[in-house]
Amino acid sequence: MGHAVARMRFRKVKIRGLAPPRALGVVLGLLLLPCLAAAQAEPPKKVTWKSVEFAIVHFNDQAPNSWSIYHSEKKGILLVRLWKRYMLVKIQDEEVYDIDPQKITVHGDSAEWSYADIPDKPIEIVEWKERNIGSMQRVTFRLGKNGHVLELQITLGLNREPIY
């Protein structure tokens, strides 16, 4: 009996109306292609940073000739321009990042920059000090072990929160 089953030929059953698997793959690929292309082609969203109106900057205990401080909607994150250098200061994390100035667009008293352009590693910071002195928040840090000292003084509101 085993030999009889072995001699039988099995016919392939074709069901009409079903497309071959290759055709289904092509159709699915064509349907998903626009979604994938849109996700890759979409540039990172730039955030508008507004100027902090009442602030003081000291660089090595002196006022620099050219500086600006910008803020976004996120509290405790500042974009500081010191001459031609830009730094992102995260006060809660006690981190400072060096930002490429070519990726920042300045329009009057505002700037545009994307969080996607944050470098992988922050600048080495030593001696981070933060203090509220009445109506001002003072943040002081040293760039590197024997580097320059940067001090930011930001105006606080009546509730002891930054005005921005």
# chains A, B, ... in the order shown; residues from 1 in each chain; ligands from 1

call {"tool": "closest_atom_pairs", "arguments": {"of": "segment 102-164 of chain A", "to": "segment 54-64 of chain A", "cutoff": "7 Å", "atoms": "only C-alpha atoms", "output": "tab-separated table"}}
result
residue	atom	partner	partner_atom	distance
A:His148	CA	A:Asn60	CA	6.0
A:Val149	CA	A:Asn60	CA	5.0
A:Leu150	CA	A:Phe59	CA	4.8
A:Glu151	CA	A:His58	CA	5.0
A:Leu152	CA	A:Val57	CA	4.9
A:Gln153	CA	A:Ile56	CA	5.0
A:Ile154	CA	A:Ala55	CA	4.8
A:Thr155	CA	A:Phe54	CA	6.0

call {"tool": "write_last_selection", "arguments": {"atoms": "N, CA, C and O atoms", "output": "PDB file, in the first residue's frame"}}
result
ATOM      1  N   HIS A 148      37.584  79.399  30.412  1.00  0.00           N
ATOM      2  CA  HIS A 148      36.945  80.673  30.720  1.00  0.00           C
ATOM      3  C   HIS A 148      35.704  80.459  31.592  1.00  0.00           C
ATOM      4  O   HIS A 148      35.063  79.417  31.541  1.00  0.00           O
ATOM      5  N   VAL A 149      35.363  81.480  32.346  1.00  0.00           N
ATOM      6  CA  VAL A 149      34.186  81.441  33.211  1.00  0.00           C
ATOM      7  C   VAL A 149      33.085  82.265  32.562  1.00  0.00           C
ATOM      8  O   VAL A 149      33.295  83.406  32.151  1.00  0.00           O
ATOM      9  N   LEU A 150      31.895  81.664  32.463  1.00  0.00           N
ATOM     10  CA  LEU A 150      30.731  82.347  31.902  1.00  0.00           C
ATOM     11  C   LEU A 150      29.674  82.455  32.991  1.00  0.00           C
ATOM     12  O   LEU A 150      29.360  81.478  33.668  1.00  0.00           O
ATOM     13  N   GLU A 151      29.143  83.666  33.174  1.00  0.00           N
ATOM     14  CA  GLU A 151      28.093  83.904  34.165  1.00  0.00           C
ATOM     15  C   GLU A 151      26.885  84.491  33.469  1.00  0.00           C
ATOM     16  O   GLU A 151      26.992  85.475  32.732  1.00  0.00           O
ATOM     17  N   LEU A 152      25.720  83.876  33.693  1.00  0.00           N
ATOM     18  CA  LEU A 152      24.451  84.353  33.142  1.00  0.00           C
ATOM     19  C   LEU A 152      23.564  84.778  34.295  1.00  0.00           C
ATOM     20  O   LEU A 152      23.407  84.041  35.276  1.00  0.00           O
ATOM     21  N   GLN A 153      22.984  85.969  34.187  1.00  0.00           N
ATOM     22  CA  GLN A 153      22.032  86.447  35.186  1.00  0.00           C
ATOM     23  C   GLN A 153      20.721  86.709  34.470  1.00  0.00           C
ATOM     24  O   GLN A 153      20.657  87.540  33.563  1.00  0.00           O
ATOM     25  N   ILE A 154      19.681  85.988  34.894  1.00  0.00           N
ATOM     26  CA  ILE A 154      18.378  86.056  34.238  1.00  0.00           C
ATOM     27  C   ILE A 154      17.356  86.571  35.232  1.00  0.00           C
ATOM     28  O   ILE A 154      17.306  86.125  36.389  1.00  0.00           O
ATOM     29  N   THR A 155      16.533  87.506  34.802  1.00  0.00           N
ATOM     30  CA  THR A 155      15.514  88.110  35.659  1.00  0.00           C
ATOM     31  C   THR A 155      14.437  87.092  36.026  1.00  0.00           C
ATOM     32  O   THR A 155      13.973  86.348  35.162  1.00  0.00           O
TER      33      THR A 155
END

call {"tool": "residues_around", "arguments": {"residues": "Gly76 of chain A", "least_positions_apart": "4", "cutoff": "7 Å", "atoms": "only C-alpha atoms", "output": "compact mmCIF listing (two decimals) with N, CA, C and O atoms, in the first residue's frame"}}
result
# COMPACT_ATOMS: atom_id res chain seq x y z
N LYS A 90 21.60 73.92 29.21
CA LYS A 90 20.50 73.22 29.88
C LYS A 90 20.74 73.35 31.38
O LYS A 90 21.59 72.67 31.95
N ILE A 91 19.99 74.24 32.01
CA ILE A 91 20.24 74.57 33.41
C ILE A 91 19.94 73.38 34.33
O ILE A 91 20.73 73.07 35.21
N GLN A 92 18.81 72.68 34.13
CA GLN A 92 18.47 71.56 35.02
C GLN A 92 19.48 70.42 34.92
O GLN A 92 19.79 69.78 35.91

call {"tool": "atom_distance", "arguments": {"atom1": "atom CA of Gly157 of chain A", "atom2": "atom CA of Arg131 of chain A"}}
result
14.9 Å

call {"tool": "atom_distance", "arguments": {"atom1": "atom CA of Asp100 of chain A", "atom2": "atom CA of Arg85 of chain A"}}
result
7.9 Å

call {"tool": "residues_around", "arguments": {"residues": "Ile104 of chain A", "least_positions_apart": "3", "cutoff": "10 Å", "atoms": "only C-alpha atoms", "output": "JSON, numbers by chain"}}
result
{"A": [46, 86, 99, 100, 101, 107, 111, 112, 113, 114, 117]}

call {"tool": "write_last_selection", "arguments": {"atoms": "C-alpha atoms", "output": "PDB file, in the first residue's frame"}}
result
ATOM      1  CA  LYS A  46      13.096  74.525  13.579  1.00  0.00           C
ATOM      2  CA  TYR A  86      26.603  79.746  20.135  1.00  0.00           C
ATOM      3  CA  ILE A  99      26.293  74.743  18.520  1.00  0.00           C
ATOM      4  CA  ASP A 100      27.330  75.188  14.890  1.00  0.00           C
ATOM      5  CA  PRO A 101      26.563  78.867  14.047  1.00  0.00           C
ATOM      6  CA  HIS A 107      15.962  87.403  12.370  1.00  0.00           C
ATOM      7  CA  ALA A 111      16.614  83.051  16.091  1.00  0.00           C
ATOM      8  CA  GLU A 112      15.640  79.746  14.497  1.00  0.00           C
ATOM      9  CA  TRP A 113      17.359  76.486  15.374  1.00  0.00           C
ATOM     10  CA  SER A 114      16.344  72.828  15.619  1.00  0.00           C
ATOM     11  CA  ASP A 117      21.204  69.661  15.687  1.00  0.00           C
TER      12      ASP A 117
END
